[in-house]
>>> print(open('protein-v4.cif').read())   # mmCIF, C-alpha atoms and all ligand atoms
data_work
#
loop_
_atom_site.label_atom_id
_atom_site.label_comp_id
_atom_site.auth_asym_id
_atom_site.auth_seq_id
_atom_site.Cartn_x
_atom_site.Cartn_y
_atom_site.Cartn_z
CA MET A 1 -37.70 -134.46 -77.67
CA THR A 2 -34.30 -135.91 -76.66
CA ASN A 3 -33.07 -139.40 -75.89
CA ALA A 4 -32.93 -138.41 -72.22
CA ALA A 5 -36.70 -137.84 -72.06
CA HIS A 6 -38.92 -139.95 -69.77
CA PRO A 7 -39.50 -143.53 -71.10
CA PHE A 8 -43.19 -142.56 -71.61
CA ASP A 9 -41.93 -140.23 -74.36
CA ALA A 10 -40.26 -143.05 -76.27
CA LEU A 11 -43.68 -144.44 -77.22
CA MET A 12 -45.76 -142.73 -79.91
CA ASP A 13 -48.45 -140.70 -78.24
CA ILE A 14 -51.44 -142.42 -79.87
CA THR A 15 -53.96 -142.12 -77.04
CA ALA A 16 -54.43 -140.41 -73.67
CA ARG A 17 -53.01 -142.90 -71.17
CA PRO A 18 -52.96 -142.50 -67.39
CA LYS A 19 -49.37 -142.46 -66.12
CA LYS A 20 -49.57 -145.93 -64.60
CA VAL A 21 -47.22 -148.78 -65.42
CA PHE A 22 -48.65 -152.25 -65.05
CA VAL A 23 -46.25 -155.00 -64.10
CA ARG A 24 -48.26 -158.06 -63.05
CA GLY A 25 -51.66 -159.64 -63.53
CA GLU A 26 -53.52 -162.58 -62.03
CA GLY A 27 -57.13 -163.48 -62.83
CA SER A 28 -59.30 -160.39 -62.41
CA TRP A 29 -56.48 -158.37 -60.82
CA LEU A 30 -53.65 -156.16 -62.09
CA TRP A 31 -50.79 -154.55 -60.16
CA ASP A 32 -48.91 -151.37 -61.08
CA ASP A 33 -45.22 -150.68 -60.35
CA THR A 34 -46.06 -149.05 -57.01
CA GLY A 35 -47.70 -152.29 -55.82
CA LYS A 36 -51.24 -150.89 -56.10
CA ARG A 37 -53.88 -153.49 -57.03
CA TYR A 38 -56.73 -152.94 -59.51
CA LEU A 39 -59.90 -154.96 -60.15
CA ASP A 40 -59.99 -155.26 -63.93
CA PHE A 41 -63.34 -155.10 -65.75
CA ILE A 42 -61.67 -154.23 -69.07
CA GLN A 43 -59.30 -157.21 -69.38
CA GLY A 44 -57.21 -155.84 -72.23
CA TRP A 45 -60.43 -154.80 -74.04
CA ALA A 46 -62.20 -158.18 -73.74
CA VAL A 47 -58.98 -159.98 -74.59
CA ASN A 48 -58.03 -161.92 -71.44
CA CYS A 49 -61.05 -164.19 -71.56
CA LEU A 50 -59.62 -166.36 -68.76
CA GLY A 51 -58.24 -163.43 -66.78
CA HIS A 52 -54.63 -162.31 -66.50
CA SER A 53 -51.92 -164.92 -67.05
CA PRO A 54 -54.04 -168.08 -66.61
CA PRO A 55 -51.54 -170.73 -65.41
CA PHE A 56 -52.39 -173.38 -68.02
CA VAL A 57 -52.09 -170.85 -70.88
CA ALA A 58 -48.76 -169.60 -69.48
CA GLN A 59 -47.65 -173.23 -69.20
CA ALA A 60 -48.70 -174.00 -72.80
CA ILE A 61 -46.78 -170.94 -74.07
CA ALA A 62 -43.67 -171.78 -72.02
CA SER A 63 -43.58 -175.38 -73.13
CA GLN A 64 -44.24 -174.49 -76.81
CA ALA A 65 -41.53 -171.81 -76.65
CA LYS A 66 -39.04 -174.45 -75.59
CA THR A 67 -40.10 -176.77 -78.43
CA LEU A 68 -40.85 -174.67 -81.53
CA ILE A 69 -41.79 -171.00 -81.87
CA THR A 70 -42.10 -170.52 -85.64
CA ALA A 71 -41.44 -173.04 -88.38
CA SER A 72 -42.40 -170.71 -91.29
CA PRO A 73 -45.82 -170.08 -92.79
CA ALA A 74 -44.58 -172.05 -95.81
CA TYR A 75 -44.81 -175.28 -93.75
CA TYR A 76 -47.47 -176.93 -91.59
CA ASN A 77 -46.98 -176.98 -87.83
CA ALA A 78 -48.69 -179.23 -85.31
CA ALA A 79 -50.20 -176.54 -83.07
CA SER A 80 -51.93 -174.66 -85.91
CA LEU A 81 -53.29 -177.91 -87.39
CA ARG A 82 -54.74 -178.91 -84.01
CA LEU A 83 -56.29 -175.50 -83.37
CA ALA A 84 -57.75 -175.24 -86.90
CA LYS A 85 -59.29 -178.71 -86.50
CA ALA A 86 -60.75 -177.81 -83.10
CA LEU A 87 -62.29 -174.61 -84.52
CA VAL A 88 -63.90 -176.28 -87.53
CA GLU A 89 -65.20 -179.15 -85.41
CA LYS A 90 -66.99 -176.77 -83.01
CA SER A 91 -68.29 -174.28 -85.65
CA CYS A 92 -70.17 -174.24 -88.95
CA PHE A 93 -66.98 -173.44 -90.89
CA ASP A 94 -64.66 -175.67 -92.89
CA GLN A 95 -61.36 -173.80 -93.09
CA VAL A 96 -59.30 -171.36 -91.03
CA PHE A 97 -56.60 -168.78 -91.76
CA PHE A 98 -54.78 -167.57 -88.65
CA ALA A 99 -53.91 -163.88 -88.24
CA ASN A 100 -52.16 -161.77 -85.61
CA SER A 101 -54.85 -159.17 -84.88
CA GLY A 102 -58.56 -158.65 -85.34
CA ALA A 103 -58.02 -155.99 -87.99
CA GLU A 104 -55.83 -158.36 -89.97
CA ALA A 105 -58.46 -161.12 -89.77
CA ASN A 106 -61.12 -158.65 -90.98
CA GLU A 107 -58.84 -157.42 -93.75
CA GLY A 108 -58.64 -161.10 -94.77
CA ALA A 109 -62.44 -161.43 -94.66
CA ILE A 110 -62.79 -158.39 -96.93
CA LYS A 111 -60.24 -159.83 -99.37
CA LEU A 112 -61.96 -163.23 -99.30
CA ALA A 113 -65.33 -161.65 -100.12
CA ARG A 114 -63.77 -159.67 -102.98
CA LYS A 115 -62.13 -162.85 -104.28
CA TYR A 116 -65.51 -164.59 -104.15
CA GLY A 117 -67.01 -161.68 -106.09
CA ALA A 118 -64.26 -161.91 -108.69
CA LEU A 119 -64.72 -165.67 -109.10
CA HIS A 120 -68.48 -166.05 -108.80
CA LYS A 121 -70.24 -162.70 -109.11
CA GLY A 122 -68.81 -160.93 -112.13
CA GLY A 123 -66.35 -158.81 -110.14
CA ALA A 124 -68.80 -157.62 -107.46
CA PHE A 125 -66.76 -156.09 -104.63
CA GLU A 126 -68.98 -153.88 -102.46
CA ILE A 127 -69.62 -154.88 -98.88
CA ILE A 128 -72.52 -153.48 -96.90
CA THR A 129 -71.41 -152.64 -93.37
CA PHE A 130 -73.16 -150.69 -90.60
CA GLU A 131 -73.30 -147.22 -89.09
CA GLY A 132 -71.54 -147.41 -85.72
CA GLY A 133 -69.66 -150.59 -86.67
CA PHE A 134 -66.00 -151.10 -85.78
CA HIS A 135 -63.75 -153.51 -87.66
CA GLY A 136 -60.21 -152.32 -86.92
CA ARG A 137 -57.55 -149.75 -87.75
CA THR A 138 -56.01 -150.82 -91.05
CA LEU A 139 -57.11 -148.62 -93.96
CA ALA A 140 -59.65 -151.13 -95.30
CA THR A 141 -61.09 -151.96 -91.87
CA MET A 142 -61.33 -148.26 -90.95
CA SER A 143 -63.18 -147.79 -94.25
CA ALA A 144 -65.49 -150.69 -93.39
CA SER A 145 -66.15 -149.21 -89.92
CA GLY A 146 -69.08 -146.86 -89.42
CA LYS A 147 -67.36 -144.85 -86.71
CA LYS A 148 -68.00 -141.12 -87.16
CA ALA A 149 -64.58 -140.11 -85.80
CA PHE A 150 -62.87 -142.14 -88.56
CA GLU A 151 -64.65 -140.27 -91.36
CA PRO A 152 -62.19 -137.38 -91.84
CA LEU A 153 -59.07 -139.49 -91.25
CA PHE A 154 -56.55 -140.85 -93.78
CA GLU A 155 -58.44 -139.90 -96.91
CA PRO A 156 -58.93 -141.29 -99.45
CA LYS A 157 -60.45 -144.36 -97.82
CA VAL A 158 -60.70 -147.76 -99.44
CA LYS A 159 -63.85 -147.66 -101.58
CA GLY A 160 -66.60 -150.24 -101.68
CA PHE A 161 -68.25 -150.01 -98.25
CA SER A 162 -71.80 -148.69 -97.96
CA LYS A 163 -73.38 -148.26 -94.53
CA ALA A 164 -76.76 -149.61 -93.48
CA ARG A 165 -78.47 -149.16 -90.11
CA LEU A 166 -78.35 -151.90 -87.49
CA ASN A 167 -81.69 -153.69 -86.97
CA ASP A 168 -83.17 -152.07 -90.09
CA ILE A 169 -83.38 -154.73 -92.79
CA ALA A 170 -84.92 -152.28 -95.30
CA SER A 171 -81.78 -150.11 -95.04
CA VAL A 172 -79.71 -153.16 -96.07
CA ARG A 173 -82.05 -154.11 -98.92
CA GLU A 174 -81.90 -150.55 -100.31
CA LEU A 175 -78.09 -150.67 -100.62
CA ILE A 176 -77.90 -153.95 -102.58
CA ASN A 177 -76.84 -153.50 -106.21
CA LYS A 178 -75.06 -155.53 -108.88
CA ASN A 179 -71.66 -154.76 -107.29
CA THR A 180 -72.64 -156.04 -103.85
CA VAL A 181 -70.88 -159.20 -102.72
CA ALA A 182 -71.36 -159.36 -98.94
CA VAL A 183 -72.88 -157.96 -95.76
CA MET A 184 -70.51 -157.67 -92.79
CA LEU A 185 -71.41 -156.88 -89.18
CA GLU A 186 -70.64 -157.30 -85.50
CA PRO A 187 -73.59 -159.13 -83.91
CA ILE A 188 -73.14 -156.76 -80.98
CA GLN A 189 -71.50 -153.43 -81.83
CA GLY A 190 -68.96 -153.32 -79.01
CA GLU A 191 -66.82 -150.23 -79.52
CA ALA A 192 -69.89 -148.15 -80.41
CA GLY A 193 -71.26 -148.80 -76.91
CA VAL A 194 -72.66 -152.37 -76.90
CA TRP A 195 -75.57 -152.17 -79.36
CA PRO A 196 -76.91 -155.68 -80.07
CA ALA A 197 -78.36 -156.77 -83.40
CA THR A 198 -81.61 -158.57 -82.58
CA ASP A 199 -81.75 -162.30 -83.28
CA GLN A 200 -84.62 -161.58 -85.67
CA PHE A 201 -82.50 -159.04 -87.59
CA LEU A 202 -79.70 -161.60 -87.90
CA LYS A 203 -82.18 -164.20 -89.18
CA ASP A 204 -83.61 -161.66 -91.67
CA LEU A 205 -80.08 -160.80 -92.83
CA ARG A 206 -79.36 -164.49 -93.43
CA THR A 207 -82.56 -164.87 -95.46
CA LEU A 208 -81.90 -161.71 -97.47
CA THR A 209 -78.26 -162.55 -98.22
CA GLN A 210 -79.23 -166.08 -99.27
CA GLU A 211 -81.98 -164.78 -101.57
CA GLN A 212 -79.54 -162.32 -103.15
CA GLY A 213 -76.55 -164.69 -103.36
CA LEU A 214 -74.47 -162.56 -100.98
CA LEU A 215 -71.97 -163.67 -98.36
CA LEU A 216 -72.77 -163.00 -94.72
CA ILE A 217 -69.69 -162.08 -92.66
CA PHE A 218 -69.81 -162.02 -88.86
CA ASP A 219 -67.08 -160.05 -87.09
CA GLU A 220 -67.04 -162.01 -83.81
CA ILE A 221 -63.76 -160.53 -82.62
CA GLN A 222 -65.47 -159.19 -79.51
CA THR A 223 -68.49 -161.52 -79.25
CA GLY A 224 -66.79 -164.84 -80.05
CA MET A 225 -64.97 -167.34 -77.84
CA GLY A 226 -67.71 -167.63 -75.25
CA ARG A 227 -68.11 -163.92 -74.49
CA THR A 228 -71.91 -164.02 -74.85
CA GLY A 229 -72.46 -167.42 -73.20
CA LYS A 230 -72.30 -169.41 -76.46
CA LEU A 231 -68.99 -170.29 -78.11
CA PHE A 232 -69.96 -168.06 -81.05
CA HIS A 233 -72.68 -165.43 -81.04
CA TYR A 234 -74.26 -166.63 -84.33
CA GLU A 235 -75.55 -169.66 -82.39
CA HIS A 236 -78.01 -167.42 -80.50
CA ALA A 237 -79.80 -166.53 -83.76
CA GLU A 238 -79.69 -170.15 -84.96
CA ILE A 239 -78.22 -169.18 -88.30
CA THR A 240 -74.86 -169.87 -89.92
CA PRO A 241 -72.78 -167.11 -91.56
CA ASP A 242 -70.44 -167.83 -94.50
CA ILE A 243 -67.41 -166.13 -92.99
CA MET A 244 -66.48 -165.29 -89.38
CA THR A 245 -63.54 -163.53 -87.79
CA LEU A 246 -62.23 -164.14 -84.28
CA GLY A 247 -59.64 -162.21 -82.29
CA LYS A 248 -59.31 -160.86 -78.73
CA GLY A 249 -60.26 -163.85 -76.52
CA ILE A 250 -58.99 -166.54 -78.91
CA GLY A 251 -55.41 -166.12 -77.64
CA GLY A 252 -56.35 -165.46 -74.00
CA GLY A 253 -54.15 -162.33 -74.10
CA ALA A 254 -51.66 -163.55 -76.70
CA PRO A 255 -51.86 -161.92 -80.15
CA LEU A 256 -53.88 -164.39 -82.20
CA ALA A 257 -56.87 -163.99 -84.54
CA ALA A 258 -58.60 -166.14 -87.12
CA LEU A 259 -60.59 -165.95 -90.33
CA LEU A 260 -63.00 -168.85 -90.80
CA ALA A 261 -65.03 -169.70 -93.90
CA THR A 262 -67.38 -172.35 -95.19
CA GLU A 263 -66.13 -174.52 -98.03
CA ARG A 264 -68.13 -172.45 -100.57
CA ALA A 265 -66.68 -169.14 -99.36
CA SER A 266 -63.13 -170.37 -98.75
CA CYS A 267 -61.81 -169.46 -102.21
CA PHE A 268 -58.31 -168.01 -101.76
CA GLU A 269 -55.80 -169.22 -104.31
CA HIS A 270 -52.04 -169.44 -103.85
CA GLY A 271 -50.54 -165.98 -103.51
CA ASP A 272 -53.77 -164.28 -102.34
CA GLN A 273 -53.14 -164.38 -98.60
CA GLY A 274 -50.29 -165.01 -96.17
CA GLY A 275 -48.01 -163.42 -93.58
CA THR A 276 -44.77 -164.12 -91.75
CA PHE A 277 -46.17 -164.86 -88.29
CA ASN A 278 -49.56 -166.24 -89.34
CA GLY A 279 -50.38 -169.49 -87.61
CA ASN A 280 -47.09 -169.65 -85.70
CA SER A 281 -46.77 -172.48 -83.20
CA LEU A 282 -46.34 -170.27 -80.16
CA MET A 283 -49.61 -168.35 -80.51
CA CYS A 284 -51.55 -171.41 -81.68
CA ALA A 285 -50.41 -173.29 -78.56
CA ALA A 286 -51.86 -170.45 -76.46
CA GLY A 287 -55.05 -170.62 -78.56
CA LEU A 288 -55.37 -174.37 -78.00
CA ALA A 289 -55.07 -174.02 -74.23
CA VAL A 290 -57.74 -171.30 -74.27
CA PHE A 291 -60.01 -173.25 -76.61
CA ASP A 292 -59.91 -176.43 -74.50
CA GLU A 293 -61.25 -174.47 -71.53
CA VAL A 294 -63.65 -172.02 -73.19
CA SER A 295 -65.37 -174.57 -75.44
CA ARG A 296 -66.44 -176.81 -72.52
CA PRO A 297 -70.29 -176.72 -72.25
CA ALA A 298 -70.05 -176.26 -68.45
CA PHE A 299 -67.75 -173.26 -68.91
CA LEU A 300 -70.14 -171.65 -71.43
CA LYS A 301 -73.07 -172.26 -69.09
CA SER A 302 -71.18 -170.55 -66.28
CA VAL A 303 -70.48 -167.52 -68.54
CA ALA A 304 -74.21 -167.26 -69.33
CA ASP A 305 -75.11 -167.53 -65.62
CA THR A 306 -72.46 -165.02 -64.51
CA GLY A 307 -73.62 -162.68 -67.29
CA LEU A 308 -77.18 -162.79 -65.93
CA PHE A 309 -75.84 -162.08 -62.44
CA LEU A 310 -73.85 -159.05 -63.65
CA GLU A 311 -76.83 -157.85 -65.67
CA ALA A 312 -79.11 -158.06 -62.60
CA GLU A 313 -76.57 -156.18 -60.48
CA LEU A 314 -76.25 -153.42 -63.09
CA GLN A 315 -80.03 -153.26 -63.37
CA ARG A 316 -80.21 -152.84 -59.58
CA LEU A 317 -77.73 -149.93 -59.78
CA SER A 318 -79.69 -148.40 -62.65
CA THR A 319 -82.95 -148.48 -60.69
CA ARG A 320 -81.31 -147.16 -57.51
CA HIS A 321 -79.62 -144.22 -59.25
CA GLY A 322 -82.26 -143.49 -61.92
CA LEU A 323 -79.99 -144.52 -64.81
CA GLY A 324 -80.91 -145.97 -68.20
CA GLU A 325 -80.96 -149.43 -69.76
CA VAL A 326 -78.53 -152.32 -69.39
CA ARG A 327 -77.63 -153.66 -72.86
CA GLY A 328 -75.72 -156.63 -74.21
CA ARG A 329 -75.42 -160.35 -73.69
CA GLY A 330 -73.39 -162.68 -71.51
CA LEU A 331 -70.31 -160.85 -70.22
CA LEU A 332 -70.40 -158.02 -72.76
CA LEU A 333 -72.71 -155.51 -71.12
CA ALA A 334 -73.23 -151.75 -71.04
CA LEU A 335 -74.94 -149.44 -68.58
CA ASP A 336 -76.59 -146.29 -69.95
CA LEU A 337 -75.70 -143.49 -67.50
CA LYS A 338 -78.13 -141.05 -69.17
CA LEU A 339 -75.56 -138.27 -68.51
CA PRO A 340 -72.07 -137.66 -69.95
CA ILE A 341 -70.30 -138.75 -66.74
CA GLY A 342 -68.56 -141.86 -68.14
CA ALA A 343 -65.05 -140.38 -68.35
CA ALA A 344 -65.28 -138.90 -64.83
CA LEU A 345 -66.40 -142.25 -63.39
CA VAL A 346 -63.58 -144.08 -65.19
CA ALA A 347 -61.01 -141.62 -63.77
CA GLN A 348 -62.39 -141.93 -60.21
CA ALA A 349 -62.54 -145.71 -60.51
CA LEU A 350 -58.89 -145.84 -61.57
CA GLU A 351 -57.85 -143.96 -58.44
CA ALA A 352 -60.04 -146.29 -56.36
CA GLY A 353 -58.35 -149.37 -57.89
CA LEU A 354 -61.02 -150.35 -60.42
CA LEU A 355 -60.57 -150.48 -64.21
CA LEU A 356 -63.70 -149.53 -66.15
CA ASN A 357 -64.31 -148.45 -69.75
CA SER A 358 -66.56 -145.73 -71.13
CA PRO A 359 -66.91 -146.25 -74.91
CA ARG A 360 -69.14 -143.16 -75.18
CA PRO A 361 -69.64 -140.26 -72.77
CA ASP A 362 -72.92 -141.63 -71.37
CA THR A 363 -72.06 -145.33 -71.27
CA LEU A 364 -70.00 -147.76 -69.22
CA ARG A 365 -68.99 -151.06 -70.84
CA PHE A 366 -68.21 -154.21 -68.82
CA MET A 367 -66.05 -156.96 -70.33
CA PRO A 368 -64.55 -158.86 -67.39
CA ALA A 369 -62.74 -162.19 -67.54
CA LEU A 370 -65.21 -164.93 -68.45
CA ASN A 371 -64.31 -166.66 -65.18
CA VAL A 372 -64.86 -163.55 -63.03
CA THR A 373 -66.36 -164.51 -59.66
CA ARG A 374 -69.62 -163.22 -58.19
CA GLU A 375 -67.62 -161.75 -55.30
CA GLU A 376 -65.54 -159.74 -57.77
CA ILE A 377 -68.71 -158.55 -59.52
CA LEU A 378 -70.18 -157.44 -56.18
CA GLN A 379 -66.92 -155.68 -55.29
CA MET A 380 -67.11 -153.77 -58.60
CA THR A 381 -70.81 -152.86 -58.26
CA ASP A 382 -70.26 -151.74 -54.62
CA GLN A 383 -67.48 -149.38 -55.76
CA LEU A 384 -69.61 -148.13 -58.64
CA ASP A 385 -72.55 -147.64 -56.30
CA THR A 386 -70.41 -145.41 -54.05
CA MET A 387 -69.19 -143.36 -57.03
CA LEU A 388 -72.71 -142.97 -58.45
CA THR A 389 -73.99 -141.84 -55.03
CA LYS A 390 -71.25 -139.18 -54.92
CA ALA A 391 -71.98 -138.10 -58.51
CA GLY A 392 -75.70 -137.80 -57.66
CA ALA A 393 -74.95 -135.73 -54.53
CA ALA A 394 -72.62 -133.47 -56.52
CA ARG A 395 -75.34 -132.93 -59.14
CA ARG A 396 -77.93 -132.05 -56.47
CA VAL A 397 -75.57 -129.44 -54.95
CA ALA A 398 -74.70 -127.94 -58.37
N1 LIG B 1 -63.54 -156.00 -84.73
C1 LIG B 1 -64.12 -155.77 -83.55
C2 LIG B 1 -65.58 -156.09 -83.38
C3 LIG B 1 -63.39 -155.24 -82.48
O1 LIG B 1 -63.99 -155.02 -81.31
C4 LIG B 1 -62.02 -154.96 -82.67
C5 LIG B 1 -61.22 -154.38 -81.58
O2 LIG B 1 -61.70 -153.75 -80.68
C6 LIG B 1 -61.45 -155.23 -83.93
C7 LIG B 1 -62.24 -155.75 -84.93
C8 LIG B 1 -59.99 -154.95 -84.17
O3 LIG B 1 -59.21 -155.90 -83.53
P1 LIG B 1 -57.65 -155.59 -83.25
O4 LIG B 1 -57.60 -154.42 -82.33
O5 LIG B 1 -57.12 -156.85 -82.66
O6 LIG B 1 -57.04 -155.29 -84.59
#
>>> encode(input="protein-v4.cif", output="structure tokens")
Amino acid sequence: MTNAAHPFDALMDITARPKKVFVRGEGSWLWDDTGKRYLDFIQGWAVNCLGHSPPFVAQAIASQAKTLITASPAYYNAASLRLAKALVEKSCFDQVFFANSGAEANEGAIKLARKYGALHKGGAFEIITFEGGFHGRTLATMSASGKKAFEPLFEPKVKGFSKARLNDIASVRELINKNTVAVMLEPIQGEAGVWPATDQFLKDLRTLTQEQGLLLIFDEIQTGMGRTGKLFHYEHAEITPDIMTLGKGIGGGAPLAALLATERASCFEHGDQGGTFNGNSLMCAAGLAVFDEVSRPAFLKSVADTGLFLEAELQRLSTRHGLGEVRGRGLLLALDLKLPIGAALVAQALEAGLLLNSPRPDTLRFMPALNVTREEILQMTDQLDTMLTKAGAARRVA
């Protein structure tokens, strides 16, 4: 490789990327550098909860940038105080630590649980996580994840994570021992292909962890901030976890994440946790603008309604083309294709100006902006309908 190589070559080749360069976004739409427009049902992997470049978030960032970007994590700043207060007022948690990515927030949750074990449970440090779970790409969060493809990578992993099966409370009970301090899960396993924990399983987990004196940690990086039609997914199961992490939607596209804990679980001491950019004014100002919009009851109701509309449309496609189930909640949904045609559909969609995601070969995942319109949903399902008709015809000929 030389310095004269194509700019694509100056970036580490960490994933297969189509050779498209995106230059502008607005709401549910993205434009590449040739002027081609794409309808975006990925939204930065469920990140742009209000669509691309929402004007009031852009305005909040611009005005904060002119006032104060970073004071230093050694001092308080007004934006992070306001956002922390807003989060604790609208959740069951008492304290917040801001992070810059979901993995970093989860790394903080793991450290907090271990600290709790050191202080209150005789040094217990093991955390029960779940097969298929995804918690990030730092070493500890890869170790906590139950993703098969991670297993051979970067050995030795961080120890102390045993894997139970989602929706199988007996498999959790079996793993509890004197070293166990917490159970950690995504209420809907997103990266694995949108596999929801049932509300009953979440209730049973809360009962079991309370009986055993264990912390319950919800990774709501994908499900939080209104994605499922409630501000936080734990509200659906009418239980309260001890620790929760947020990421993705909390910054509306800006890199922001958060670790929240109840007073009992919030046990960091000075020197345990920190970070240069954590809680900086610029990102917290973006978070505040997002939070003001997403936490409105009318907004959450509209997410739930739009989610039901998308679900019905996907169900219609499934019936028409003989596909499998539609899974998920709110605007985090998956369509089981029953055949390994996900990657081919994603590639065709891209050429047709539609951005879709296939987290596993037989599944499409839909994570549009939370303010996606019904017209945009119908435009997407019409395009998908055409592609599925072609795929069916090709299969009949073959
Ligand atoms: N946890 C969950 C449930 C996620 O979906 C993700 C990202 O996809 C992460 C953690 C990691 O977040 P980040 O990529 O911001 O580090």
>>> residues_near_ligand(input="protein-v4.cif", ligand="ligand LIG 1 (chain B)", cutoff="10 Å", atoms="only C-alpha atoms and all ligand atoms", output="JSON, numbers by chain")
{"A": [44, 45, 46, 47, 99, 100, 101, 102, 103, 104, 105, 106, 107, 133, 134, 135, 136, 137, 138, 141, 142, 145, 185, 186, 187, 188, 189, 190, 191, 192, 218, 219, 220, 221, 222, 223, 224, 245, 246, 247, 248, 249, 255, 256, 257]}
>>> closest_residue(input="protein-v4.cif", among="A:Glu351, A:Asp9, A:Glu151, A:Glu376", to="Gly132 of chain A", atoms="all atoms listed in the file")
A:Glu151
>>> residues_around(input="protein-v4.cif", residues="Lys159 of chain A", least_positions_apart="5", cutoff="10 Å", atoms="all atoms listed in the file", output="JSON, numbers by chain")
{"A": [125, 126, 127, 140, 143, 144]}
>>> atom_distance(input="protein-v4.cif", atom1="atom CA of Gly146 of chain A", atom2="atom CA of Met184 of chain A")
11.4 Å
>>> closest_residue(input="protein-v4.cif", among="A:Leu216, A:Pro18, A:Ala286, A:Arg374", to="Phe309 of chain A", atoms="all atoms listed in the file")
A:Arg374
>>> atom_distance(input="protein-v4.cif", atom1="atom CA of Glu235 of chain A", atom2="atom CA of Gln315 of chain A")
25.5 Å
>>> atom_distance(input="protein-v4.cif", atom1="atom CA of Phe98 of chain A", atom2="atom CA of Ala65 of chain A")
18.4 Å
>>> residues_around(input="protein-v4.cif", residues="segment 352-364 of chain A", least_positions_apart="2", cutoff="7 Å", atoms="all atoms listed in the file", output="list in words")
Arg37, Tyr38, Leu39, Asp40, Phe41, Ile42, Glu191, Ala192, Gly193, Ala334, Leu335, Asp336, Leu337, Lys338, Leu339, Pro340, Ile341, Gly342, Ala343, Val346, Gln348, Ala349, Leu350 and Phe366 of chain A
>>> closest_residue(input="protein-v4.cif", among="A:Ala84, A:Leu323, A:Val397, A:Leu331", to="Asp385 of chain A", atoms="all atoms listed in the file")
A:Leu323
>>> closest_residue(input="protein-v4.cif", among="A:Ile377, A:Ile250, A:Val57, A:Leu310", to="Ser28 of chain A", atoms="only C-alpha atoms")
A:Ile377
>>> residues_around(input="protein-v4.cif", residues="Lys121 of chain A", least_positions_apart="4", cutoff="9 Å", atoms="all atoms listed in the file", output="PyMOL selection string")
chain A and resi 116-117+125+178-181+213
>>> residues_around(input="protein-v4.cif", residues="Asn371 of chain A", least_positions_apart="5", cutoff="12 Å", atoms="only C-alpha atoms", output="compact mmCIF listing (two decimals) with C-alpha atoms, keeping the file's coordinate frame")
# COMPACT_ATOMS: atom_id res chain seq x y z
CA GLU A 26 -53.52 -162.58 -62.03
CA GLY A 27 -57.13 -163.48 -62.83
CA SER A 28 -59.30 -160.39 -62.41
CA PHE A 41 -63.34 -155.10 -65.75
CA GLN A 43 -59.30 -157.21 -69.38
CA ASN A 48 -58.03 -161.92 -71.44
CA CYS A 49 -61.05 -164.19 -71.56
CA LEU A 50 -59.62 -166.36 -68.76
CA GLY A 51 -58.24 -163.43 -66.78
CA HIS A 52 -54.63 -162.31 -66.50
CA PRO A 54 -54.04 -168.08 -66.61
CA GLY A 226 -67.71 -167.63 -75.25
CA ARG A 227 -68.11 -163.92 -74.49
CA GLY A 229 -72.46 -167.42 -73.20
CA GLY A 252 -56.35 -165.46 -74.00
CA GLU A 293 -61.25 -174.47 -71.53
CA VAL A 294 -63.65 -172.02 -73.19
CA ALA A 298 -70.05 -176.26 -68.45
CA PHE A 299 -67.75 -173.26 -68.91
CA LEU A 300 -70.14 -171.65 -71.43
CA LYS A 301 -73.07 -172.26 -69.09
CA SER A 302 -71.18 -170.55 -66.28
CA VAL A 303 -70.48 -167.52 -68.54
CA ALA A 304 -74.21 -167.26 -69.33
CA ASP A 305 -75.11 -167.53 -65.62
CA THR A 306 -72.46 -165.02 -64.51
CA GLY A 307 -73.62 -162.68 -67.29
CA GLY A 330 -73.39 -162.68 -71.51
CA LEU A 331 -70.31 -160.85 -70.22
CA GLU A 376 -65.54 -159.74 -57.77
CA ILE A 377 -68.71 -158.55 -59.52
>>> closest_atom_pairs(input="protein-v4.cif", of="segment 236-355 of chain A", to="segment 199-202 of chain A", cutoff="8 Å", atoms="only C-alpha atoms", output="tab-separated table")
residue	atom	partner	partner_atom	distance
A:His236	CA	A:Asp199	CA	6.9
A:Ala237	CA	A:Asp199	CA	4.7
A:Ile239	CA	A:Leu202	CA	7.7
>>> residues_around(input="protein-v4.cif", residues="segment 259-263 of chain A", least_positions_apart="6", cutoff="6 Å", atoms="all atoms listed in the file", output="list of chain:residue names")
A:Phe93, A:Asp94, A:Gln95, A:Val96, A:Phe97, A:Ala105, A:Asp242, A:Ile243, A:Met244, A:Thr245
>>> closest_residue(input="protein-v4.cif", among="A:Ser53, A:Ser80, A:Thr207, A:Ser266", to="Lys111 of chain A", atoms="all atoms listed in the file")
A:Ser266
